[in-house]
$ cat upload24.cif   # mmCIF, C-alpha atoms
data_start
#
loop_
_atom_site.label_atom_id
_atom_site.label_comp_id
_atom_site.auth_asym_id
_atom_site.auth_seq_id
_atom_site.Cartn_x
_atom_site.Cartn_y
_atom_site.Cartn_z
CA MET A 6 0.00 0.00 0.00
CA ALA A 7 1.44 3.34 -1.09
CA ASN A 8 0.45 5.05 2.13
CA ALA A 9 1.47 2.32 4.53
CA PRO A 10 3.25 3.93 7.46
CA THR A 11 7.02 3.68 7.46
CA VAL A 12 9.16 4.75 10.37
CA ARG A 13 12.36 6.78 10.18
CA PHE A 14 14.28 6.72 13.41
CA ARG A 15 17.52 7.42 15.19
CA VAL A 16 18.81 6.08 18.46
CA ASP A 17 20.31 8.51 20.97
CA PHE A 18 22.69 7.33 23.64
CA GLY A 19 22.40 9.97 26.34
CA ASN A 20 23.60 13.23 24.81
CA ARG A 21 26.73 11.52 23.64
CA CYS A 22 26.00 9.87 20.32
CA SER A 23 23.14 9.48 17.86
CA ILE A 24 22.90 6.61 15.42
CA GLY A 25 20.64 7.01 12.40
CA ILE A 26 20.32 5.44 9.00
CA GLY A 27 23.19 7.58 7.59
CA LYS A 28 25.81 6.16 9.93
CA ILE A 29 24.44 2.65 9.54
CA GLU A 30 24.54 2.80 5.73
CA LEU A 31 28.05 4.20 5.92
CA LEU A 32 29.19 1.27 8.08
CA GLU A 33 27.49 -1.16 5.73
CA GLY A 34 29.19 0.50 2.76
CA ILE A 35 32.57 0.23 4.47
CA ALA A 36 31.93 -3.43 5.27
CA ARG A 37 31.02 -4.05 1.62
CA THR A 38 33.75 -2.03 -0.08
CA GLY A 39 36.56 -2.02 2.46
CA SER A 40 36.98 1.69 1.78
CA ILE A 41 35.69 4.87 3.38
CA SER A 42 36.01 6.84 0.16
CA GLN A 43 34.21 4.21 -1.91
CA ALA A 44 31.42 3.93 0.69
CA ALA A 45 31.13 7.74 0.78
CA ARG A 46 31.00 7.94 -3.03
CA GLU A 47 28.16 5.41 -3.17
CA MET A 48 26.23 7.54 -0.69
CA ARG A 49 27.08 10.78 -2.55
CA MET A 50 28.67 12.00 0.64
CA SER A 51 31.99 13.81 0.86
CA TYR A 52 34.94 11.81 2.11
CA ARG A 53 35.34 14.40 4.83
CA ARG A 54 31.78 13.95 6.07
CA ALA A 55 32.08 10.16 6.03
CA TRP A 56 35.33 10.42 7.98
CA LEU A 57 33.71 12.70 10.55
CA LEU A 58 30.72 10.39 11.01
CA LEU A 59 33.06 7.46 11.52
CA GLU A 60 35.24 9.45 13.89
CA ASP A 61 32.15 10.51 15.88
CA MET A 62 31.34 6.85 16.49
CA ASN A 63 34.94 5.89 17.16
CA VAL A 64 35.30 8.54 19.87
CA SER A 65 31.85 8.00 21.40
CA PHE A 66 32.22 4.32 22.20
CA ASP A 67 34.96 2.61 24.15
CA HIS A 68 35.41 0.26 21.18
CA PRO A 69 36.12 1.49 17.65
CA VAL A 70 33.54 0.63 14.98
CA ALA A 71 36.11 0.28 12.19
CA ARG A 72 39.85 -0.18 11.89
CA ALA A 73 42.51 -0.24 9.21
CA SER A 74 43.00 -3.68 7.75
CA VAL A 75 46.55 -4.89 7.28
CA GLY A 76 47.91 -7.59 4.99
CA GLY A 77 45.99 -10.07 2.87
CA ARG A 78 43.82 -9.27 -0.09
CA GLY A 79 42.05 -6.36 1.63
CA GLY A 80 45.30 -4.91 3.01
CA GLY A 81 45.32 -1.12 3.17
CA GLY A 82 41.56 -0.85 3.48
CA VAL A 83 39.16 -0.46 6.35
CA VAL A 84 37.12 -3.17 8.04
CA LEU A 85 34.38 -3.08 10.63
CA THR A 86 35.25 -4.35 14.06
CA ALA A 87 33.03 -6.92 15.75
CA PHE A 88 31.60 -4.03 17.75
CA GLY A 89 30.83 -2.08 14.55
CA SER A 90 29.11 -5.10 13.01
CA GLY A 91 27.11 -5.56 16.21
CA LEU A 92 25.99 -1.95 16.09
CA VAL A 93 24.72 -2.35 12.52
CA ALA A 94 23.01 -5.64 13.37
CA GLY A 95 21.27 -4.15 16.43
CA TYR A 96 20.01 -1.16 14.46
CA ARG A 97 18.71 -3.32 11.63
CA ARG A 98 17.07 -5.70 14.10
CA LEU A 99 15.33 -2.77 15.73
CA GLU A 100 14.23 -1.52 12.31
CA SER A 101 12.64 -4.85 11.37
CA SER A 102 10.82 -5.13 14.67
CA LEU A 103 9.54 -1.59 14.23
CA GLN A 104 7.63 -2.05 11.03
CA PRO A 105 4.97 -4.45 12.35
CA LEU A 106 4.46 -2.12 15.31
CA ALA A 107 4.05 0.89 13.03
CA ASP A 108 1.53 -1.07 11.00
CA ALA A 109 -0.39 -2.02 14.12
CA CYS A 110 -0.44 1.50 15.57
CA MET A 111 -0.69 3.70 12.50
CA GLU A 112 -2.18 1.69 9.66
CA GLU A 113 -5.72 2.81 10.41
CA VAL A 114 -4.57 6.45 10.30
CA GLY A 115 -2.73 5.76 7.03
CA ARG A 116 -5.95 4.64 5.39
CA HIS A 117 -7.13 8.24 5.59
CA ILE A 118 -4.24 9.74 3.63
CA LYS A 119 -5.68 11.39 0.55
CA ALA A 120 -4.67 10.10 -2.84
CA GLY A 121 -3.28 12.64 -5.26
CA GLN A 122 -0.69 15.34 -5.14
CA PRO A 123 2.47 14.77 -3.15
CA LYS A 124 3.19 16.21 0.24
CA ARG A 125 3.92 19.90 0.46
CA THR A 126 7.13 20.89 2.11
CA ILE A 127 6.56 23.10 5.10
CA ARG A 128 9.12 25.79 5.25
CA SER A 129 8.61 29.30 6.40
CA GLY A 130 7.25 31.29 3.51
CA SER A 131 6.96 28.39 1.10
CA ILE A 132 3.21 27.99 1.26
CA LYS A 133 0.83 30.55 -0.09
CA ARG A 134 -2.08 30.90 2.24
CA LYS A 135 -5.55 31.51 0.95
CA SER A 136 -5.96 34.13 3.62
CA ALA A 137 -4.21 35.11 6.80
CA PRO A 138 -5.42 32.80 9.55
CA ARG A 139 -7.11 34.40 12.48
CA ALA A 140 -5.49 33.66 15.83
CA ARG A 141 -7.64 31.31 17.89
CA MET B 3 21.16 4.61 32.97
CA ALA B 4 22.38 7.85 31.38
CA ASN B 5 23.36 6.14 28.15
CA ALA B 6 20.29 3.96 27.76
CA PRO B 7 19.19 4.10 24.13
CA THR B 8 16.22 6.32 23.36
CA VAL B 9 14.53 6.42 19.98
CA ARG B 10 13.44 9.53 18.10
CA PHE B 11 11.16 8.73 15.22
CA ARG B 12 8.73 10.00 12.65
CA VAL B 13 6.14 8.15 10.65
CA ASP B 14 5.92 8.75 6.89
CA PHE B 15 2.76 8.00 4.98
CA GLY B 16 3.98 7.52 1.42
CA ASN B 17 5.46 10.84 0.31
CA ARG B 18 2.33 12.60 1.43
CA CYS B 19 2.67 13.32 5.11
CA SER B 20 5.17 12.86 7.94
CA ILE B 21 4.15 12.77 11.57
CA GLY B 22 6.83 13.43 14.18
CA ILE B 23 6.90 14.51 17.78
CA GLY B 24 6.43 18.21 16.83
CA LYS B 25 3.03 17.67 15.23
CA ILE B 26 1.96 15.32 18.01
CA GLU B 27 2.89 17.78 20.76
CA LEU B 28 1.08 20.52 18.86
CA LEU B 29 -2.10 18.42 18.71
CA GLU B 30 -1.77 17.57 22.39
CA GLY B 31 -1.32 21.27 23.19
CA ILE B 32 -4.41 22.15 21.18
CA ALA B 33 -6.40 19.45 22.96
CA ARG B 34 -5.23 20.80 26.31
CA THR B 35 -5.61 24.53 25.68
CA GLY B 36 -8.33 24.70 23.03
CA SER B 37 -6.19 27.24 21.19
CA ILE B 38 -3.63 27.07 18.41
CA SER B 39 -1.87 30.22 19.57
CA GLN B 40 -1.65 29.04 23.18
CA ALA B 41 -0.36 25.62 22.10
CA ALA B 42 2.20 27.30 19.82
CA ARG B 43 3.32 29.65 22.61
CA GLU B 44 3.91 26.73 24.97
CA MET B 45 6.09 25.09 22.31
CA ARG B 46 7.89 28.37 21.57
CA MET B 47 6.71 28.03 18.01
CA SER B 48 5.29 30.85 15.90
CA TYR B 49 1.54 30.87 15.39
CA ARG B 50 2.20 30.76 11.67
CA ARG B 51 4.29 27.61 11.91
CA ALA B 52 1.73 25.91 14.14
CA TRP B 53 -1.00 26.84 11.68
CA LEU B 54 1.02 25.43 8.77
CA LEU B 55 1.72 22.15 10.61
CA LEU B 56 -1.97 21.79 11.37
CA GLU B 57 -2.95 22.69 7.82
CA ASP B 58 -0.46 20.12 6.48
CA MET B 59 -2.27 17.41 8.45
CA ASN B 60 -5.71 18.72 7.58
CA VAL B 61 -4.98 18.63 3.82
CA SER B 62 -3.11 15.30 3.91
CA PHE B 63 -5.87 13.21 5.42
CA ASP B 64 -9.43 12.84 4.27
CA HIS B 65 -10.51 13.73 7.82
CA PRO B 66 -9.44 16.95 9.57
CA VAL B 67 -7.39 16.55 12.77
CA ALA B 68 -8.86 19.67 14.41
CA ARG B 69 -11.89 21.88 13.95
CA ALA B 70 -13.28 25.13 15.30
CA SER B 71 -15.44 24.60 18.34
CA VAL B 72 -18.73 26.45 18.53
CA GLY B 73 -20.84 27.30 21.51
CA GLY B 74 -20.49 26.13 25.08
CA ARG B 75 -17.71 26.98 27.45
CA GLY B 76 -14.95 26.40 24.89
CA GLY B 77 -16.77 28.21 22.10
CA GLY B 78 -14.52 30.05 19.67
CA GLY B 79 -11.59 27.74 20.24
CA VAL B 80 -10.22 24.71 18.46
CA VAL B 81 -10.77 21.08 19.37
CA LEU B 82 -9.29 17.85 18.06
CA THR B 83 -11.56 15.65 16.02
CA ALA B 84 -11.89 11.96 16.87
CA PHE B 85 -9.50 11.34 13.97
CA GLY B 86 -6.94 13.78 15.42
CA SER B 87 -7.17 12.15 18.85
CA GLY B 88 -6.72 8.74 17.23
CA LEU B 89 -3.61 9.96 15.42
CA VAL B 90 -2.07 11.15 18.69
CA ALA B 91 -3.03 7.93 20.48
CA GLY B 92 -1.54 5.75 17.72
CA TYR B 93 1.73 7.68 17.74
CA ARG B 94 2.05 7.53 21.52
CA ARG B 95 1.18 3.82 21.51
CA LEU B 96 3.92 3.23 18.94
CA GLU B 97 6.34 5.26 21.05
CA SER B 98 5.70 3.20 24.18
CA SER B 99 6.09 -0.07 22.31
CA LEU B 100 9.35 1.17 20.83
CA GLN B 101 11.31 1.70 23.99
CA PRO B 102 11.47 -1.95 25.12
CA LEU B 103 12.55 -2.90 21.59
CA ALA B 104 15.29 -0.28 21.58
CA ASP B 105 16.48 -1.59 24.91
CA ALA B 106 16.53 -5.15 23.61
CA CYS B 107 18.35 -4.29 20.38
CA MET B 108 20.70 -1.49 21.42
CA GLU B 109 21.31 -1.72 25.15
CA GLU B 110 24.45 -3.81 24.74
CA VAL B 111 25.85 -1.21 22.33
CA GLY B 112 24.90 1.55 24.77
CA ARG B 113 27.04 -0.01 27.47
CA HIS B 114 30.07 0.93 25.40
CA ILE B 115 29.34 4.65 25.29
CA LYS B 116 32.23 6.44 26.93
CA ALA B 117 31.56 8.45 30.04
CA GLY B 118 32.68 12.05 30.00
CA GLN B 119 32.35 14.95 27.64
CA PRO B 120 29.11 15.43 25.74
CA LYS B 121 28.56 14.55 22.13
CA ARG B 122 30.21 16.72 19.52
CA THR B 123 27.98 18.18 16.88
CA ILE B 124 29.03 17.18 13.43
CA ARG B 125 28.69 20.05 11.07
CA SER B 126 30.91 20.82 8.18
CA GLY B 127 33.84 22.76 9.48
CA SER B 128 32.88 22.50 13.13
CA ILE B 129 35.40 19.88 14.17
CA LYS B 130 39.09 20.52 14.25
CA ARG B 131 40.91 17.52 12.92
CA LYS B 132 44.24 16.48 14.35
CA SER B 133 45.44 15.94 10.82
CA ALA B 134 43.92 15.58 7.39
CA PRO B 135 42.72 12.02 7.01
CA ARG B 136 44.24 9.97 4.24
CA ALA B 137 41.72 8.61 1.74
CA ARG B 138 41.37 4.86 2.11
#
$ encode --input "upload24.cif" --output "structure tokens"
Amino acid sequence: MANAPTVRFRVDFGNRCSIGIGKIELLEGIARTGSISQAAREMRMSYRRAWLLLEDMNVSFDHPVARASVGGRGGGGVVLTAFGSGLVAGYRRLESSLQPLADACMEEVGRHIKAGQPKRTIRSGSIKRKSAPRAR
Amino acid sequence: MANAPTVRFRVDFGNRCSIGIGKIELLEGIARTGSISQAAREMRMSYRRAWLLLEDMNVSFDHPVARASVGGRGGGGVVLTAFGSGLVAGYRRLESSLQPLADACMEEVGRHIKAGQPKRTIRSGSIKRKSAPRAR
């Protein structure tokens, strides 16, 4: 169903670190490509930004999420640590458990989404009002 | 536990409408105060922004989430419709079901958050690097 509810989420650990889909996809890209720059490129993200996201995780936890790989076929690249892989797995597990819950709680509401034109973006000044609303 | 995982989330209905904590708190404020401007003030939000958020919901669904109240003690104010109340209830129900899941999936990761200084904000240019990272 086009209007089935989907959930976007991020997990905050105190005020120390937030993990959202961006960091998770970056870690998955690194695991797949063995390269920060390749993973960044696939996400159309600058190398600098990818590096900063990775560094944010590496300094927030007492275990690093990725480390330089040495020797072997992948020598010179980057690999996820066991901790990094566990982080990705936990996030993805949470994501899959979320969807049935979202369906259960919000599907009825979703049935009342109108068909037709796409969502308008709300940004100050971007919507022309028919008339100035009266304060209530 | 200070570093227990907490989830921030929003629910997307296709590309038509997104419901996050801002819209939900606005609806709850309207239900409580009977007034868009009062609800907005309590959230330190402009009346215009509150009106636009409300309008976004009212045009996205085939039922309005709020309507003008007429007559009686609350006459001249705004009340939530049954649909609007249901939307709030569904979101809050989803939120309460989420937390145990987040604990189950991310608590182990959260144990590895370092104590000490708060999270750094990642914003282009905001973090001084020790040295330029080498592309890997």
$ resolve_selection --input "upload24.cif" --expression "the PyMOL selection byres ((chain A and resi 60-64) around 10)" --output "PyMOL selection string"
(chain A and resi 21-24+28+54-59+65-72+89) or (chain B and resi 115-116+121-124+131)
$ atom_distance --input "upload24.cif" --atom1 "CA of Ser90 (chain A)" --atom2 "CA of Val12 (chain A)"
22.4 Å
$ resolve_selection --input "upload24.cif" --expression "the PyMOL selection byres ((chain A) within 7 of (chain B))" --output "ChimeraX atom specification"
/A:7-22,40-42,65-68,82,92,95-96,98-99,106-107,110-111,114-115,117-119,123-124,140-141
$ atom_distance --input "upload24.cif" --atom1 "CA of Ser74 (chain A)" --atom2 "CA of Glu47 (chain A)"
20.5 Å
$ atom_distance --input "upload24.cif" --atom1 "CA of Arg46 (chain B)" --atom2 "CA of Val72 (chain B)"
26.9 Å
$ resolve_selection --input "upload24.cif" --expression "the PyMOL selection byres ((chain B and resi 45) around 9)" --output "PyMOL selection string"
chain B and resi 24+27-28+31+40-44+46-48
$ decode --input "upload24.cif" --residues "region 19-127 of chain A" --atoms "C-alpha atoms" --output "compact mmCIF listing (two decimals), in the first residue's frame"
# COMPACT_ATOMS: atom_id res chain seq x y z
CA GLY A 19 22.40 9.97 26.34
CA ASN A 20 23.60 13.23 24.81
CA ARG A 21 26.73 11.52 23.64
CA CYS A 22 26.00 9.87 20.32
CA SER A 23 23.14 9.48 17.86
CA ILE A 24 22.90 6.61 15.42
CA GLY A 25 20.64 7.01 12.40
CA ILE A 26 20.32 5.44 9.00
CA GLY A 27 23.19 7.58 7.59
CA LYS A 28 25.81 6.16 9.93
CA ILE A 29 24.44 2.65 9.54
CA GLU A 30 24.54 2.80 5.73
CA LEU A 31 28.05 4.20 5.92
CA LEU A 32 29.19 1.27 8.08
CA GLU A 33 27.49 -1.16 5.73
CA GLY A 34 29.19 0.50 2.76
CA ILE A 35 32.57 0.23 4.47
CA ALA A 36 31.93 -3.43 5.27
CA ARG A 37 31.02 -4.05 1.62
CA THR A 38 33.75 -2.03 -0.08
CA GLY A 39 36.56 -2.02 2.46
CA SER A 40 36.98 1.69 1.78
CA ILE A 41 35.69 4.87 3.38
CA SER A 42 36.01 6.84 0.16
CA GLN A 43 34.21 4.21 -1.91
CA ALA A 44 31.42 3.93 0.69
CA ALA A 45 31.13 7.74 0.78
CA ARG A 46 31.00 7.94 -3.03
CA GLU A 47 28.16 5.41 -3.17
CA MET A 48 26.23 7.54 -0.69
CA ARG A 49 27.08 10.78 -2.55
CA MET A 50 28.67 12.00 0.64
CA SER A 51 31.99 13.81 0.86
CA TYR A 52 34.94 11.81 2.11
CA ARG A 53 35.34 14.40 4.83
CA ARG A 54 31.78 13.95 6.07
CA ALA A 55 32.08 10.16 6.03
CA TRP A 56 35.33 10.42 7.98
CA LEU A 57 33.71 12.70 10.55
CA LEU A 58 30.72 10.39 11.01
CA LEU A 59 33.06 7.46 11.52
CA GLU A 60 35.24 9.45 13.89
CA ASP A 61 32.15 10.51 15.88
CA MET A 62 31.34 6.85 16.49
CA ASN A 63 34.94 5.89 17.16
CA VAL A 64 35.30 8.54 19.87
CA SER A 65 31.85 8.00 21.40
CA PHE A 66 32.22 4.32 22.20
CA ASP A 67 34.96 2.61 24.15
CA HIS A 68 35.41 0.26 21.18
CA PRO A 69 36.12 1.49 17.65
CA VAL A 70 33.54 0.63 14.98
CA ALA A 71 36.11 0.28 12.19
CA ARG A 72 39.85 -0.18 11.89
CA ALA A 73 42.51 -0.24 9.21
CA SER A 74 43.00 -3.68 7.75
CA VAL A 75 46.55 -4.89 7.28
CA GLY A 76 47.91 -7.59 4.99
CA GLY A 77 45.99 -10.07 2.87
CA ARG A 78 43.82 -9.27 -0.09
CA GLY A 79 42.05 -6.36 1.63
CA GLY A 80 45.30 -4.91 3.01
CA GLY A 81 45.32 -1.12 3.17
CA GLY A 82 41.56 -0.85 3.48
CA VAL A 83 39.16 -0.46 6.35
CA VAL A 84 37.12 -3.17 8.04
CA LEU A 85 34.38 -3.08 10.63
CA THR A 86 35.25 -4.35 14.06
CA ALA A 87 33.03 -6.92 15.75
CA PHE A 88 31.60 -4.03 17.75
CA GLY A 89 30.83 -2.08 14.55
CA SER A 90 29.11 -5.10 13.01
CA GLY A 91 27.11 -5.56 16.21
CA LEU A 92 25.99 -1.95 16.09
CA VAL A 93 24.72 -2.35 12.52
CA ALA A 94 23.01 -5.64 13.37
CA GLY A 95 21.27 -4.15 16.43
CA TYR A 96 20.01 -1.16 14.46
CA ARG A 97 18.71 -3.32 11.63
CA ARG A 98 17.07 -5.70 14.10
CA LEU A 99 15.33 -2.77 15.73
CA GLU A 100 14.23 -1.52 12.31
CA SER A 101 12.64 -4.85 11.37
CA SER A 102 10.82 -5.13 14.67
CA LEU A 103 9.54 -1.59 14.23
CA GLN A 104 7.63 -2.05 11.03
CA PRO A 105 4.97 -4.45 12.35
CA LEU A 106 4.46 -2.12 15.31
CA ALA A 107 4.05 0.89 13.03
CA ASP A 108 1.53 -1.07 11.00
CA ALA A 109 -0.39 -2.02 14.12
CA CYS A 110 -0.44 1.50 15.57
CA MET A 111 -0.69 3.70 12.50
CA GLU A 112 -2.18 1.69 9.66
CA GLU A 113 -5.72 2.81 10.41
CA VAL A 114 -4.57 6.45 10.30
CA GLY A 115 -2.73 5.76 7.03
CA ARG A 116 -5.95 4.64 5.39
CA HIS A 117 -7.13 8.24 5.59
CA ILE A 118 -4.24 9.74 3.63
CA LYS A 119 -5.68 11.39 0.55
CA ALA A 120 -4.67 10.10 -2.84
CA GLY A 121 -3.28 12.64 -5.26
CA GLN A 122 -0.69 15.34 -5.14
CA PRO A 123 2.47 14.77 -3.15
CA LYS A 124 3.19 16.21 0.24
CA ARG A 125 3.92 19.90 0.46
CA THR A 126 7.13 20.89 2.11
CA ILE A 127 6.56 23.10 5.10
